[in-house]
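Asker: Contents of model_7.cif (mmCIF, C-alpha atoms and all ligand atoms):
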data_data
#
loop_
_atom_site.label_atom_id
_atom_site.label_comp_id
_atom_site.auth_asym_id
_atom_site.auth_seq_id
_atom_site.Cartn_x
_atom_site.Cartn_y
_atom_site.Cartn_z
CA MET A 1 -18.78 23.78 -19.49
CA ALA A 2 -16.75 21.03 -21.18
CA THR A 3 -17.78 20.00 -24.70
CA ASN A 4 -18.48 16.36 -25.66
CA ILE A 5 -15.16 16.16 -27.44
CA GLU A 6 -13.34 17.44 -24.36
CA LEU A 7 -15.14 14.88 -22.18
CA GLU A 8 -14.26 12.05 -24.58
CA LEU A 9 -10.63 13.16 -24.55
CA LEU A 10 -10.58 13.23 -20.75
CA GLN A 11 -12.09 9.74 -20.65
CA GLU A 12 -9.53 8.44 -23.13
CA ILE A 13 -6.69 9.92 -21.09
CA SER A 14 -7.98 8.42 -17.82
CA LEU A 15 -8.32 5.00 -19.51
CA LYS A 16 -4.78 5.18 -20.84
CA TYR A 17 -3.31 6.50 -17.59
CA PRO A 18 -5.35 5.14 -14.68
CA LYS A 19 -4.67 6.86 -11.34
CA LYS A 20 -2.07 5.19 -9.14
CA TYR A 21 -2.26 4.74 -5.39
CA LYS A 22 0.54 4.53 -2.84
CA VAL A 23 0.10 1.86 -0.17
CA TYR A 24 1.71 2.63 3.21
CA LEU A 25 2.11 0.55 6.34
CA LEU A 26 1.47 2.40 9.61
CA ASN A 27 3.40 1.99 12.84
CA ASP A 28 1.86 0.67 16.06
CA ASP A 29 3.27 -0.52 19.40
CA TYR A 30 2.09 -4.14 19.28
CA THR A 31 2.82 -5.74 15.89
CA SER A 32 6.10 -7.68 15.94
CA MET A 33 8.90 -6.59 13.65
CA ASP A 34 9.17 -10.12 12.23
CA PHE A 35 5.49 -10.13 11.29
CA VAL A 36 5.84 -6.80 9.44
CA ILE A 37 8.86 -8.17 7.53
CA ASP A 38 6.84 -11.28 6.64
CA ILE A 39 3.93 -9.13 5.36
CA LEU A 40 6.29 -7.07 3.22
CA MET A 41 7.89 -10.19 1.72
CA THR A 42 4.69 -12.16 1.07
CA LEU A 43 2.14 -9.46 0.12
CA PHE A 44 4.47 -6.82 -1.33
CA HIS A 45 7.14 -9.12 -2.84
CA LYS A 46 10.10 -7.42 -1.13
CA THR A 47 13.43 -9.14 -0.45
CA TYR A 48 14.33 -9.69 3.21
CA GLN A 49 16.67 -6.67 3.13
CA GLU A 50 14.10 -4.37 1.50
CA ALA A 51 11.43 -5.57 3.92
CA GLU A 52 13.65 -4.93 6.94
CA ASN A 53 14.48 -1.40 5.70
CA ILE A 54 10.81 -0.51 5.13
CA MET A 55 9.81 -2.00 8.50
CA LEU A 56 12.48 0.10 10.28
CA GLU A 57 11.38 3.23 8.41
CA VAL A 58 7.77 2.66 9.54
CA HIS A 59 8.98 1.98 13.09
CA LYS A 60 10.97 5.27 13.18
CA LYS A 61 8.86 7.57 11.00
CA GLU A 62 5.33 6.17 11.63
CA LYS A 63 4.68 5.22 8.01
CA GLY A 64 6.52 3.68 5.07
CA LEU A 65 5.84 3.13 1.37
CA CYS A 66 5.20 -0.50 0.36
CA GLY A 67 4.27 -0.04 -3.31
CA VAL A 68 2.28 1.87 -5.94
CA TYR A 69 -0.71 0.19 -7.61
CA THR A 70 -3.94 0.79 -9.49
CA HIS A 71 -6.99 1.47 -7.28
CA GLU A 72 -8.27 -2.11 -7.24
CA ILE A 73 -4.91 -3.69 -6.46
CA ALA A 74 -4.11 -1.10 -3.76
CA GLU A 75 -7.50 -1.78 -2.14
CA THR A 76 -6.81 -5.52 -2.21
CA LYS A 77 -3.36 -5.05 -0.57
CA VAL A 78 -4.90 -2.93 2.21
CA MET A 79 -7.54 -5.63 2.84
CA GLN A 80 -5.01 -8.48 2.76
CA VAL A 81 -2.88 -6.69 5.37
CA SER A 82 -5.82 -6.29 7.80
CA LYS A 83 -6.99 -9.87 7.23
CA LYS A 84 -3.57 -11.43 7.83
CA ALA A 85 -2.89 -9.11 10.81
CA ARG A 86 -6.28 -9.94 12.36
CA GLU A 87 -5.64 -13.67 11.92
CA HIS A 88 -2.39 -13.27 13.88
CA GLY A 89 -3.87 -10.97 16.54
CA PHE A 90 -1.92 -7.86 15.47
CA PRO A 91 -3.38 -4.36 14.92
CA LEU A 92 -1.15 -3.67 11.87
CA LYS A 93 -2.81 -1.35 9.36
CA ALA A 94 -2.13 -0.24 5.77
CA ILE A 95 -3.58 2.82 4.05
CA MET A 96 -3.73 3.98 0.43
CA GLU A 97 -3.29 7.50 -0.95
CA GLU A 98 -3.74 8.77 -4.49
CA GLU A 99 -0.29 9.37 -5.97
N1 LIG A 101 6.71 -0.60 16.33
C1 LIG A 101 6.64 -2.05 16.29
C2 LIG A 101 7.46 -2.64 17.43
O1 LIG A 101 8.24 -1.95 18.06
C3 LIG A 101 7.18 -2.60 14.95
C4 LIG A 101 6.35 -2.18 13.79
C5 LIG A 101 7.00 -1.78 12.62
C6 LIG A 101 4.97 -2.21 13.81
C7 LIG A 101 6.26 -1.42 11.48
C8 LIG A 101 4.20 -1.84 12.70
O2 LIG A 101 4.13 -1.13 10.40
C9 LIG A 101 4.86 -1.45 11.53
N2 LIG A 101 7.28 -3.92 17.68
#
Before we go any further, please render this structure as structure tokens.

Answerer:
Amino acid sequence: MATNIELELLQEISLKYPKKYKVYLLNDDYTSMDFVIDILMTLFHKTYQEAENIMLEVHKKEKGLCGVYTHEIAETKVMQVSKKAREHGFPLKAIMEEE
């Protein structure tokens, strides 16, 4: 069993280095390419060229990395993608994975 000192150390380390989460966009057959590029530029702050490259990677390989964030920010990005997609009638989805 871990001692109190070991637990305190672990807590200190996790406060200093919070876990990071990768946010991916997933491919589907219905979302327009232009809408995906728009999402990448507005929610993930990509340039047009970066956004187009990521969109094409998702289109060809089924998923593509949009960014790496702390848990709360990653969760917010995932929610913002579904909200904006729903508002525009697209099924676009983002997921997060611990790095
Ligand atoms: N596959 C979509 C199409 O052909 C484009 C697309 C790309 C959709 C990336 C989702 O995350 C995505 N219109």

Asker: To box ligand LIG 101 (chain A), take all atoms listed in the file, fit an axis-aligned box, add 8 Å on each side, and give centre and edge lengths in Å to one decimal, as AutoDock Vina command-line options.

Answerer:
--center_x 6.2 --center_y -2.3 --center_z 14.2 --size_x 20.1 --size_y 19.3 --size_z 23.7

Asker: Can you write out as CSV which residues of chain A fall within 9 Å of ligand LIG 101 (chain A), alongside each residue's closest atom pair and its distance in Å to one decimal, counting only C-alpha atoms and all ligand atoms and ordering rows by chain and ascending residue number?

Answerer:
residue,atom,partner,partner_atom,distance
A:Tyr24,CA,A:LIG101,O2,8.5
A:Leu25,CA,A:LIG101,O2,4.8
A:Leu26,CA,A:LIG101,O2,4.5
A:Asn27,CA,A:LIG101,C8,3.9
A:Asp28,CA,A:LIG101,C6,4.8
A:Asp29,CA,A:LIG101,N1,4.6
A:Tyr30,CA,A:LIG101,N2,5.4
A:Thr31,CA,A:LIG101,C6,4.6
A:Ser32,CA,A:LIG101,N2,4.3
A:Met33,CA,A:LIG101,C3,4.5
A:Asp34,CA,A:LIG101,C3,8.2
A:Phe35,CA,A:LIG101,C6,8.3
A:Val36,CA,A:LIG101,C7,5.8
A:Ile37,CA,A:LIG101,C7,8.2
A:Ile54,CA,A:LIG101,C7,7.9
A:Met55,CA,A:LIG101,C7,4.7
A:Leu56,CA,A:LIG101,C5,6.2
A:Glu57,CA,A:LIG101,C7,7.6
A:Val58,CA,A:LIG101,C7,4.8
A:His59,CA,A:LIG101,C5,4.3
A:Lys60,CA,A:LIG101,N1,7.9
A:Glu62,CA,A:LIG101,O2,7.5
A:Lys63,CA,A:LIG101,O2,6.8
A:Gly64,CA,A:LIG101,O2,7.6
A:Pro91,CA,A:LIG101,C8,8.3
A:Leu92,CA,A:LIG101,C8,5.7
A:Lys93,CA,A:LIG101,O2,7.0
A:Ala94,CA,A:LIG101,O2,7.8

Asker: Rounded to one decimal place, report the atom CA of A:Lys20-atom CA of A:Cys66 distance in Å.

Answerer: 13.2 Å

Asker: Using atom CA of A:Ala85 and atom CA of A:Tyr21 as the two end points, give the distance in Å to one decimal.

Answerer: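 Atom-to-atom, atom CA of A:Ala85 and atom CA of A:Tyr21 are spaced 21.3 Å apart.
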
Asker: For A:Glu97, which of A:Val23, A:Thr47, A:Ser82, A:Tyr69 is the closest residue, counting all atoms listed in the file?

Answerer: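 Result for the nearest residue to A:Glu97: A:Val23.
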
Asker: List the spatial neighbours of A:Lys22 as a list in words - criterion: any atom at most 8 Å away, all atoms listed in the file, same-chain residues fewer than 3 positions off excluded.

Answerer: Leu65, Cys66, Gly67, Val68, Tyr69, Ala74, Met96, Glu97, Glu98 and Glu99 of chain A

Asker: Counting all atoms listed in the file, which of A:Lys83, A:Thr70, A:Thr3, A:Lys77 gets nearest to A:Leu40?

Answerer: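 Nearest to A:Leu40: A:Lys77.
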
Asker: Separation of atom CA of A:Ile95 and atom CA of A:Gln11, in Å?

Answerer: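 For atom CA of A:Ile95 relative to atom CA of A:Gln11, the distance reads 27.0 Å.
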
Asker: Hey, which of A:Arg86, A:Leu7, A:Pro18, A:Ala2 ends up closest to A:His71? Count all atoms listed in the file.

Answerer: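 Checking each candidate against A:His71, we get A:Pro18 as the closest.
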